[in-house]
Structures are given as C-alpha cells and as structure tokens.
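*Asks:* See my_file-v8.pdb below, with PDB, C-alpha atoms, pLDDT in the B column.
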ATOM      1  CA  MET A   1      75.378 116.884  57.901  1.00 66.00           C
ATOM      2  CA  SER A   2      76.522 119.907  59.796  1.00 89.00           C
ATOM      3  CA  PHE A   3      79.205 122.549  60.031  1.00 96.00           C
ATOM      4  CA  ALA A   4      82.283 122.194  62.221  1.00 97.00           C
ATOM      5  CA  GLY A   5      85.540 124.100  62.331  1.00 98.00           C
ATOM      6  CA  ILE A   6      88.756 124.620  64.251  1.00 98.00           C
ATOM      7  CA  PHE A   7      90.413 128.025  63.838  1.00 98.00           C
ATOM      8  CA  ARG A   8      93.961 128.742  64.983  1.00 97.00           C
ATOM      9  CA  ALA A   9      94.959 132.171  66.293  1.00 97.00           C
ATOM     10  CA  LYS A  10      98.331 133.293  67.636  1.00 96.00           C
ATOM     11  CA  ASN A  11      97.194 132.841  71.228  1.00 97.00           C
ATOM     12  CA  GLY A  12      94.822 129.879  71.038  1.00 97.00           C
ATOM     13  CA  ILE A  13      92.348 127.715  69.181  1.00 98.00           C
ATOM     14  CA  ALA A  14      88.630 128.347  68.629  1.00 98.00           C
ATOM     15  CA  ALA A  15      86.205 125.498  67.934  1.00 98.00           C
ATOM     16  CA  VAL A  16      82.794 126.279  66.405  1.00 98.00           C
ATOM     17  CA  VAL A  17      79.934 123.899  65.529  1.00 97.00           C
ATOM     18  CA  ASP A  18      76.239 123.960  64.805  1.00 95.00           C
ATOM     19  CA  SER A  19      73.902 121.683  66.756  1.00 92.00           C
ATOM     20  CA  LYS A  20      71.314 120.498  64.232  1.00 90.00           C
ATOM     21  CA  GLY A  21      70.884 116.780  63.599  1.00 83.00           C
ATOM     22  CA  SER A  22      69.770 115.464  60.204  1.00 82.00           C
ATOM     23  CA  ILE A  23      68.800 112.023  58.975  1.00 79.00           C
ATOM     24  CA  ASN A  24      68.642 110.586  55.450  1.00 75.00           C
ATOM     25  CA  ARG A  25      65.154 109.310  54.723  1.00 76.00           C
ATOM     26  CA  ASP A  26      64.287 107.975  51.270  1.00 76.00           C
ATOM     27  CA  GLY A  27      67.284 109.705  49.723  1.00 73.00           C
ATOM     28  CA  SER A  28      66.656 113.159  51.151  1.00 77.00           C
ATOM     29  CA  LEU A  29      67.842 114.889  54.311  1.00 78.00           C
ATOM     30  CA  LYS A  30      65.341 115.772  57.020  1.00 79.00           C
ATOM     31  CA  GLU A  31      65.779 117.122  60.533  1.00 81.00           C
ATOM     32  CA  ASP A  32      66.265 114.339  63.079  1.00 78.00           C
ATOM     33  CA  ILE A  33      63.602 115.561  65.498  1.00 78.00           C
ATOM     34  CA  GLY A  34      64.391 114.809  69.117  1.00 74.00           C
ATOM     35  CA  ARG A  35      68.065 114.144  68.498  1.00 75.00           C
ATOM     36  CA  ASN A  36      70.669 116.888  68.825  1.00 76.00           C
ATOM     37  CA  PRO A  37      73.988 115.049  68.570  1.00 86.00           C
ATOM     38  CA  GLU A  38      76.915 116.565  70.442  1.00 93.00           C
ATOM     39  CA  LYS A  39      79.608 117.726  68.023  1.00 96.00           C
ATOM     40  CA  LEU A  40      82.069 119.570  70.302  1.00 98.00           C
ATOM     41  CA  PHE A  41      84.328 117.784  72.801  1.00 98.00           C
ATOM     42  CA  PRO A  42      86.772 119.711  75.000  1.00 98.00           C
ATOM     43  CA  PHE A  43      89.592 117.852  76.749  1.00 98.00           C
ATOM     44  CA  PRO A  44      92.750 118.968  78.601  1.00 97.00           C
ATOM     45  CA  ASP A  45      94.792 121.222  76.263  1.00 97.00           C
ATOM     46  CA  GLY A  46      92.595 120.471  73.303  1.00 98.00           C
ATOM     47  CA  VAL A  47      89.190 120.306  71.665  1.00 98.00           C
ATOM     48  CA  ALA A  48      87.613 118.092  69.004  1.00 98.00           C
ATOM     49  CA  VAL A  49      84.688 118.701  66.686  1.00 98.00           C
ATOM     50  CA  CYS A  50      83.066 115.997  64.594  1.00 96.00           C
ATOM     51  CA  TYR A  51      80.687 115.793  61.662  1.00 95.00           C
ATOM     52  CA  GLY A  52      79.448 113.272  59.142  1.00 92.00           C
ATOM     53  CA  CYS A  53      77.899 110.109  60.541  1.00 90.00           C
ATOM     54  CA  ASN A  54      76.686 110.518  64.128  1.00 90.00           C
ATOM     55  CA  GLN A  55      75.479 106.949  64.714  1.00 93.00           C
ATOM     56  CA  ILE A  56      77.040 103.633  63.718  1.00 96.00           C
ATOM     57  CA  LEU A  57      75.936 100.007  63.686  1.00 95.00           C
ATOM     58  CA  VAL A  58      78.073  97.736  65.864  1.00 96.00           C
ATOM     59  CA  GLN A  59      77.836  93.966  65.443  1.00 92.00           C
ATOM     60  CA  ASN A  60      78.562  91.804  68.493  1.00 83.00           C
ATOM     61  CA  ARG A  61      79.244  88.104  67.949  1.00 73.00           C
ATOM     62  CA  SER A  62      76.955  87.202  70.845  1.00 72.00           C
ATOM     63  CA  ARG A  63      73.968  89.010  69.271  1.00 75.00           C
ATOM     64  CA  ILE A  64      72.027  88.376  66.102  1.00 77.00           C
ATOM     65  CA  PHE A  65      71.331  92.022  65.311  1.00 84.00           C
ATOM     66  CA  SER A  66      73.604  95.030  65.277  1.00 90.00           C
ATOM     67  CA  THR A  67      73.326  97.714  67.947  1.00 94.00           C
ATOM     68  CA  THR A  68      72.960 101.391  67.010  1.00 94.00           C
ATOM     69  CA  VAL A  69      75.566 103.405  68.917  1.00 95.00           C
ATOM     70  CA  ASN A  70      75.790 107.200  69.157  1.00 95.00           C
ATOM     71  CA  VAL A  71      79.254 108.429  68.173  1.00 96.00           C
ATOM     72  CA  GLU A  72      79.277 110.974  71.009  1.00 96.00           C
ATOM     73  CA  ASP A  73      78.785 108.159  73.541  1.00 96.00           C
ATOM     74  CA  LEU A  74      81.942 106.432  72.277  1.00 97.00           C
ATOM     75  CA  ILE A  75      83.855 109.733  72.449  1.00 98.00           C
ATOM     76  CA  TYR A  76      82.709 110.535  75.996  1.00 97.00           C
ATOM     77  CA  GLU A  77      83.516 107.019  77.189  1.00 97.00           C
ATOM     78  CA  TYR A  78      87.034 107.215  75.754  1.00 98.00           C
ATOM     79  CA  LEU A  79      87.694 110.712  77.129  1.00 98.00           C
ATOM     80  CA  ARG A  80      86.661 109.620  80.626  1.00 97.00           C
ATOM     81  CA  LYS A  81      89.395 107.003  80.573  1.00 97.00           C
ATOM     82  CA  HIS A  82      92.143 108.658  78.528  1.00 97.00           C
ATOM     83  CA  GLN A  83      91.610 112.470  78.683  1.00 95.00           C
ATOM     84  CA  THR A  84      92.466 112.876  74.987  1.00 97.00           C
ATOM     85  CA  LEU A  85      91.614 111.525  71.533  1.00 98.00           C
ATOM     86  CA  ASP A  86      94.738 109.729  70.361  1.00 97.00           C
ATOM     87  CA  ALA A  87      95.641 107.171  67.685  1.00 97.00           C
ATOM     88  CA  ALA A  88      94.205 104.327  69.795  1.00 98.00           C
ATOM     89  CA  PHE A  89      90.810 106.049  69.841  1.00 98.00           C
ATOM     90  CA  PHE A  90      90.607 106.255  66.053  1.00 98.00           C
ATOM     91  CA  GLU A  91      91.745 102.641  65.715  1.00 97.00           C
ATOM     92  CA  MET A  92      89.047 101.536  68.194  1.00 97.00           C
ATOM     93  CA  LEU A  93      86.398 103.524  66.325  1.00 97.00           C
ATOM     94  CA  GLN A  94      87.428 102.028  62.990  1.00 97.00           C
ATOM     95  CA  VAL A  95      87.255  98.488  64.437  1.00 96.00           C
ATOM     96  CA  LYS A  96      83.707  99.128  65.676  1.00 96.00           C
ATOM     97  CA  MET A  97      82.672 100.576  62.296  1.00 96.00           C
ATOM     98  CA  GLY A  98      84.274  97.590  60.584  1.00 95.00           C
ATOM     99  CA  THR A  99      81.884  95.154  62.274  1.00 95.00           C
ATOM    100  CA  ASN A 100      79.040  96.142  59.920  1.00 95.00           C
ATOM    101  CA  PRO A 101      79.377  96.917  56.189  1.00 95.00           C
ATOM    102  CA  ASP A 102      76.255  99.111  56.391  1.00 95.00           C
ATOM    103  CA  ASN A 103      78.451 101.797  58.024  1.00 96.00           C
ATOM    104  CA  LYS A 104      78.945 103.516  54.680  1.00 94.00           C
ATOM    105  CA  GLU A 105      79.165 107.161  55.807  1.00 94.00           C
ATOM    106  CA  PRO A 106      82.469 108.170  57.440  1.00 97.00           C
ATOM    107  CA  ILE A 107      82.946 109.978  60.743  1.00 97.00           C
ATOM    108  CA  LEU A 108      85.170 113.042  60.471  1.00 98.00           C
ATOM    109  CA  PHE A 109      87.026 114.903  63.198  1.00 98.00           C
ATOM    110  CA  ILE A 110      88.929 118.170  63.408  1.00 98.00           C
ATOM    111  CA  ILE A 111      91.095 118.495  66.490  1.00 98.00           C
ATOM    112  CA  GLY A 112      92.976 121.441  67.933  1.00 98.00           C
ATOM    113  CA  ARG A 113      95.752 120.824  70.451  1.00 98.00           C
ATOM    114  CA  LYS A 114      97.893 123.114  72.565  1.00 98.00           C
ATOM    115  CA  LEU A 115     101.426 121.728  72.317  1.00 96.00           C
ATOM    116  CA  TRP A 116     102.922 124.395  74.584  1.00 94.00           C
ATOM    117  CA  ALA A 117     102.357 128.104  75.227  1.00 88.00           C
ATOM    118  CA  GLY A 118     102.096 129.825  71.852  1.00 90.00           C
ATOM    119  CA  SER A 119     102.155 126.587  69.824  1.00 96.00           C
ATOM    120  CA  TYR A 120      98.900 125.057  68.578  1.00 97.00           C
ATOM    121  CA  ARG A 121      98.230 122.236  66.112  1.00 98.00           C
ATOM    122  CA  ILE A 122      95.148 121.424  64.049  1.00 98.00           C
ATOM    123  CA  GLU A 123      94.446 117.920  62.752  1.00 98.00           C
ATOM    124  CA  TYR A 124      91.922 116.255  60.448  1.00 98.00           C
ATOM    125  CA  HIS A 125      90.857 112.616  60.914  1.00 98.00           C
ATOM    126  CA  LYS A 126      88.531 110.512  58.774  1.00 98.00           C
ATOM    127  CA  VAL A 127      87.269 107.118  59.960  1.00 98.00           C
ATOM    128  CA  GLY A 128      85.467 104.776  57.579  1.00 97.00           C
ATOM    129  CA  TYR A 129      84.303 101.183  57.459  1.00 96.00           C
ATOM    130  CA  ASP A 130      87.683  99.924  56.292  1.00 95.00           C
ATOM    131  CA  TYR A 131      90.089 102.880  56.449  1.00 96.00           C
ATOM    132  CA  LEU A 132      91.630 105.641  58.541  1.00 97.00           C
ATOM    133  CA  ALA A 133      93.032 108.923  57.226  1.00 97.00           C
ATOM    134  CA  MET A 134      94.815 111.771  58.991  1.00 97.00           C
ATOM    135  CA  LYS A 135      96.267 115.159  58.090  1.00 97.00           C
ATOM    136  CA  VAL A 136      98.162 117.647  60.269  1.00 98.00           C
ATOM    137  CA  GLY A 137      97.724 121.290  59.370  1.00 97.00           C
ATOM    138  CA  ALA A 138     100.753 123.096  57.997  1.00 96.00           C
ATOM    139  CA  GLU A 139     102.080 126.100  59.895  1.00 91.00           C
ATOM    140  CA  ALA A 140     100.438 128.484  57.417  1.00 92.00           C
ATOM    141  CA  GLU A 141      97.006 126.850  57.708  1.00 95.00           C
ATOM    142  CA  TYR A 142      94.862 128.579  60.304  1.00 96.00           C
ATOM    143  CA  ALA A 143      91.577 126.712  59.808  1.00 97.00           C
ATOM    144  CA  PHE A 144      90.090 123.318  59.024  1.00 97.00           C
ATOM    145  CA  THR A 145      86.351 123.234  58.376  1.00 97.00           C
ATOM    146  CA  GLY A 146      83.988 120.471  57.394  1.00 97.00           C
ATOM    147  CA  GLY A 147      80.360 119.616  56.778  1.00 95.00           C
ATOM    148  CA  VAL A 148      77.911 120.897  54.182  1.00 94.00           C
ATOM    149  CA  ASP A 149      79.704 122.038  51.029  1.00 95.00           C
ATOM    150  CA  VAL A 150      78.009 125.442  50.696  1.00 96.00           C
ATOM    151  CA  TYR A 151      79.132 126.314  54.232  1.00 97.00           C
ATOM    152  CA  THR A 152      82.708 125.119  53.895  1.00 96.00           C
ATOM    153  CA  GLN A 153      83.014 126.914  50.554  1.00 96.00           C
ATOM    154  CA  ALA A 154      81.646 130.110  52.101  1.00 95.00           C
ATOM    155  CA  PHE A 155      84.232 129.962  54.889  1.00 95.00           C
ATOM    156  CA  GLN A 156      87.047 129.213  52.439  1.00 93.00           C
ATOM    157  CA  LYS A 157      86.212 132.489  50.680  1.00 93.00           C
ATOM    158  CA  MET A 158      86.287 134.490  53.923  1.00 93.00           C
ATOM    159  CA  ASP A 159      89.502 136.217  54.918  1.00 91.00           C
ATOM    160  CA  LEU A 160      89.821 135.848  58.680  1.00 93.00           C
ATOM    161  CA  ARG A 161      93.502 136.735  58.886  1.00 91.00           C
ATOM    162  CA  SER A 162      92.857 140.155  60.435  1.00 94.00           C
ATOM    163  CA  HIS A 163      91.401 138.359  63.487  1.00 95.00           C
ATOM    164  CA  LEU A 164      94.229 135.881  64.067  1.00 96.00           C
ATOM    165  CA  HIS A 165      95.963 138.019  66.708  1.00 96.00           C
ATOM    166  CA  ASP A 166      93.338 137.167  69.342  1.00 97.00           C
ATOM    167  CA  VAL A 167      91.484 133.852  69.691  1.00 98.00           C
ATOM    168  CA  GLU A 168      88.429 135.343  71.417  1.00 98.00           C
ATOM    169  CA  GLU A 169      87.974 137.925  68.668  1.00 97.00           C
ATOM    170  CA  LEU A 170      88.406 135.141  66.106  1.00 98.00           C
ATOM    171  CA  ARG A 171      85.795 132.962  67.860  1.00 98.00           C
ATOM    172  CA  LYS A 172      83.227 135.776  67.974  1.00 98.00           C
ATOM    173  CA  ASN A 173      83.806 136.618  64.312  1.00 97.00           C
ATOM    174  CA  VAL A 174      83.380 133.007  63.184  1.00 98.00           C
ATOM    175  CA  VAL A 175      80.190 132.593  65.248  1.00 98.00           C
ATOM    176  CA  GLU A 176      78.739 135.770  63.708  1.00 97.00           C
ATOM    177  CA  LYS A 177      79.605 134.626  60.192  1.00 97.00           C
ATOM    178  CA  LEU A 178      78.134 131.166  60.775  1.00 97.00           C
ATOM    179  CA  GLN A 179      74.920 132.674  62.170  1.00 97.00           C
ATOM    180  CA  ALA A 180      74.644 134.899  59.094  1.00 97.00           C
ATOM    181  CA  CYS A 181      75.151 131.870  56.812  1.00 97.00           C
ATOM    182  CA  ILE A 182      72.443 129.905  58.649  1.00 97.00           C
ATOM    183  CA  GLY A 183      69.999 132.798  58.249  1.00 97.00           C
ATOM    184  CA  PHE A 184      70.803 133.107  54.536  1.00 96.00           C
ATOM    185  CA  TYR A 185      70.518 129.384  53.763  1.00 96.00           C
ATOM    186  CA  ASP A 186      67.322 129.059  55.816  1.00 95.00           C
ATOM    187  CA  GLN A 187      65.814 131.354  53.180  1.00 96.00           C
ATOM    188  CA  THR A 188      67.470 129.907  50.060  1.00 95.00           C
ATOM    189  CA  LEU A 189      67.731 126.110  50.568  1.00 92.00           C
ATOM    190  CA  SER A 190      64.762 123.744  50.496  1.00 92.00           C
ATOM    191  CA  TYR A 191      66.301 122.138  53.587  1.00 93.00           C
ATOM    192  CA  ASN A 192      69.100 123.704  55.603  1.00 94.00           C
ATOM    193  CA  PRO A 193      71.071 120.901  57.304  1.00 92.00           C
ATOM    194  CA  VAL A 194      72.916 123.395  59.525  1.00 95.00           C
ATOM    195  CA  GLY A 195      71.207 125.119  62.436  1.00 92.00           C
ATOM    196  CA  GLY A 196      71.598 126.640  65.873  1.00 86.00           C
ATOM    197  CA  PRO A 197      72.235 127.058  68.582  1.00 93.00           C
ATOM    198  CA  ILE A 198      75.871 127.543  67.655  1.00 96.00           C
ATOM    199  CA  LYS A 199      78.369 126.170  70.167  1.00 97.00           C
ATOM    200  CA  SER A 200      81.957 127.337  70.562  1.00 98.00           C
ATOM    201  CA  PHE A 201      84.968 126.723  72.763  1.00 98.00           C
ATOM    202  CA  VAL A 202      88.414 128.277  73.172  1.00 98.00           C
ATOM    203  CA  VAL A 203      91.716 126.627  74.093  1.00 98.00           C
ATOM    204  CA  ARG A 204      94.443 129.062  75.164  1.00 95.00           C
TER     205      ARG A 204
END
So, in terms of structure tokens, how does the structure I just supplied come out?
*Replies:*
Amino acid sequence: MSFAGIFRAKNGIAAVVDSKGSINRDGSLKEDIGRNPEKLFPFPDGVAVCYGCNQILVQNRSRIFSTTVNVEDLIYEYLRKHQTLDAAFFEMLQVKMGTNPDNKEPILFIIGRKLWAGSYRIEYHKVGYDYLAMKVGAEAEYAFTGGVDVYTQAFQKMDLRSHLHDVEELRKNVVEKLQACIGFYDQTLSYNPVGGPIKSFVVR
C-alpha cells in the first residue's frame, strides 16, 4: 500500500507520492526491504501516480511458470514508445494481468493532464484481473487520492482550497501535510505502510 495523489490548481497539477514498498506476508503487511517501487511517472503535458499492486504475474504460453513483472517496468516501456498513458496502455495492462488468476490485487492510477493553458484534467483508472474502470474528475473536483485508508480519509478532511491559486504553493502544502501524517502514523500504527522520501512533480 502507499499514498498517491493528484491535486489540481488554477495554474497546474501537482502529483505527490510516498516511496515505501510493502509486501503481504502471512496475512500482514511488512516493508519490502530492498524494493522501492516507482510510483510517479511524468510524461509530456501530464503525470501519473500509481498505487495498489506493484508487481504482477504474467503467464507466457511458451513457459511453464509465470514471470513476476514490476508494474513500473511496464509503464516505462510504454512511455518510451508512446509518450503518454492512453486507453491502449490500460487495455495492454489488463491483458497481462488476465493471464494469471493469482493477480487478485488491482493496480490503480491517478493521472493529471494539461489539455491546454489553464485547463487541466484529473483521471482515475483501476485495472484488475478481469476488468477496467475509469473516472474523469468533475470540474469542481480538485483532488484524487488513493492508498491507505487512514491517509486518504485524512486528506479528504483537509481543506486545501485556499492554496488552489498556485500549483507550487499547493504542492508544498500537500508535501508538508503528508510528512506530518507519516510522522503521526509512525507513532500510532503497528506498521505504517506509507513512508518517505516523499516525491512530487508539477505540470504547468
């Protein structure tokens, strides 16, 4: 699990993610030592953040056993060829997930795109073993967040509207609030699945 968010200001989009990797062992989450999955992916006039499953099993007909593939490797490979994450990317990802029924945990994406100067769109995508889902943010929605429930609930309670006039101010404010949440939950949770360093990116 993790925390990821896209925040829309009047003059741009801010993407913010944590960088901690966790793995489910014997029904409980533990830190995935040695693996820090990439969760933030800039591309021309846009940025994507992802959370949820960060590795999938891909079955190839020519092999007996499935191959474990890092989700960020699939994203980087697609961006090198296409410069954006479009509908074809999510269809490709769903096909690969669909090769093995053990891919039970979905991969989730939040994407911010600059349509033209002063116009920015936020999107939510969910890719599962046998389904795809998408939502485009309404004009009044200025943020999509995802990841660990206590973090997303904390951000839903925060009023960030006073920072929406400037994307850099918004980015700094969100980073500060996320850092404060990490410090608090480090002290109060038996295991905090969100951790630094925090990464952020701005699209103007």
*Asks:* So which residues are close to (84.6, 135.4, 67.1), meaning at most 12 Å away in the file's coordinates with all atoms listed in the file counted, and can you show them as a PyMOL selection string?
*Replies:* chain A and resi 6-9+13-16+160+162-179+198-202
*Asks:* Name the residues captured by the PyMOL selection byres ((chain A and resi 145-152) around 8) when it is applied to the shown file; answer as a PDB file with C-alpha atoms, in the coordinates of the input.
*Replies:*
ATOM      1  CA  MET A   1      75.378 116.884  57.901  1.00 66.00           C
ATOM      2  CA  SER A   2      76.522 119.907  59.796  1.00 89.00           C
ATOM      3  CA  PHE A   3      79.205 122.549  60.031  1.00 96.00           C
ATOM      4  CA  ALA A   4      82.283 122.194  62.221  1.00 97.00           C
ATOM      5  CA  GLY A   5      85.540 124.100  62.331  1.00 98.00           C
ATOM      6  CA  ILE A   6      88.756 124.620  64.251  1.00 98.00           C
ATOM      7  CA  TYR A  51      80.687 115.793  61.662  1.00 95.00           C
ATOM      8  CA  GLY A  52      79.448 113.272  59.142  1.00 92.00           C
ATOM      9  CA  ILE A 110      88.929 118.170  63.408  1.00 98.00           C
ATOM     10  CA  ALA A 143      91.577 126.712  59.808  1.00 97.00           C
ATOM     11  CA  PHE A 144      90.090 123.318  59.024  1.00 97.00           C
ATOM     12  CA  GLN A 153      83.014 126.914  50.554  1.00 96.00           C
ATOM     13  CA  ALA A 154      81.646 130.110  52.101  1.00 95.00           C
ATOM     14  CA  PHE A 155      84.232 129.962  54.889  1.00 95.00           C
ATOM     15  CA  GLN A 156      87.047 129.213  52.439  1.00 93.00           C
ATOM     16  CA  CYS A 181      75.151 131.870  56.812  1.00 97.00           C
ATOM     17  CA  PRO A 193      71.071 120.901  57.304  1.00 92.00           C
ATOM     18  CA  VAL A 194      72.916 123.395  59.525  1.00 95.00           C
TER      19      VAL A 194
END
*Asks:* To verify the selection step, state as a PyMOL selection string which residues the PyMOL selection byres ((chain A and resi 19-32) around 6) yields on this input.
*Replies:* chain A and resi 18+33+35-36+194-197
*Asks:* Work out how far atom CA of A:Tyr124 is from atom CA of A:Thr68, in Å to one decimal.
*Replies:* 25.0 Å
*Asks:* Which is closer to A:Thr67 than all the others in A:Gly112, A:Met97, A:Gly34, A:Ile182, using all atoms listed in the file?
*Replies:* A:Met97
*Asks:* Name the residues that the PyMOL selection byres ((chain A and resi 134) around 9) picks from the file above, as a ChimeraX atom specification, using the file's chain letters and numbers.
*Replies:* /A:123-127,132-133,135-136
*Asks:* Can you pull out every residue within 10 Å of A:Pro44, counting only C-alpha atoms, but drop anything in the same chain fewer than 4 positions away, and send it as an MDAnalysis selection string?
*Replies:* chainID A and resid 79 83:84 113:114 203
*Asks:* Rank A:Arg161, A:Gly118, A:Tyr129, A:Thr188 by their smallest atom-to-atom distance to A:Lys10, using all atoms listed in the file, and report the top residue only.
*Replies:*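 Using all atoms listed in the file, the shortest distance to A:Lys10 belongs to A:Gly118.
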*Asks:* Could you tell me how far atom CA of A:Met92 lies from atom CA of A:Trp116, in Å and to one decimal?
*Replies:*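 That distance, rounded to one decimal, is 27.5 Å.
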*Asks:* Calculated over all atoms listed in the file, which of the candidates A:Lys157, A:Lys39, A:Lys104, A:Arg121 has the smallest distance to A:Glu72?
*Replies:* A:Lys39
*Asks:* Identify which of the residues A:Glu139, A:Glu77, A:Asp86, A:Glu105 lies closest to A:Gln55, counting only C-alpha atoms when measuring atom-to-atom distances.
*Replies:*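 Closest to A:Gln55 of all the choices is A:Glu105.
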*Asks:* Would you kindly return, as a list of chain:residue names, each protein, DNA or RNA residue with an atom no farther than 9 Å from any atom of A:Glu38, considering all atoms listed in the file and excluding same-chain residues fewer than 3 positions away?
*Replies:*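 Non-adjacent residues within range: A:Ser19, A:Phe41, A:Val49, A:Cys50, A:Asn54, A:Val71, A:Glu72.
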*Asks:* Taking all atoms listed in the file into account, which of A:Phe43, A:Arg63, A:Asn11, A:Ile107 comes nearest A:His82?
*Replies:* A:Phe43
*Asks:* Need the axis-aligned box for stretch 77-95 of chain A with 6 Å each side, so what are the centre and edges in Å to one decimal, as AutoDock Vina command-line options?
*Replies:*
--center_x 89.6 --center_y 105.7 --center_z 71.8 --size_x 24.1 --size_y 26.4 --size_z 29.6
*Asks:* For atom CA of A:Val58 and atom CA of A:Asn103, determine how far apart the two atoms are, in Å to one decimal place.
*Replies:*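 It comes out at 8.8 Å.
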*Asks:* Do you know which residues are at most 9 Å from A:Asp130 counting all atoms listed in the file, after dropping those on the same chain fewer than 5 positions away, and could you put them as a ChimeraX atom specification?
*Replies:* /A:94-95,97-98,101
*Asks:* Using all atoms listed in the file, which of the listed residues (A:Phe65, A:Phe109, A:Tyr120, A:Tyr78) sits closest to A:Asp45?
*Replies:*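 Comparing A:Phe65, A:Phe109, A:Tyr120, A:Tyr78 against A:Asp45, the winner is A:Tyr120.
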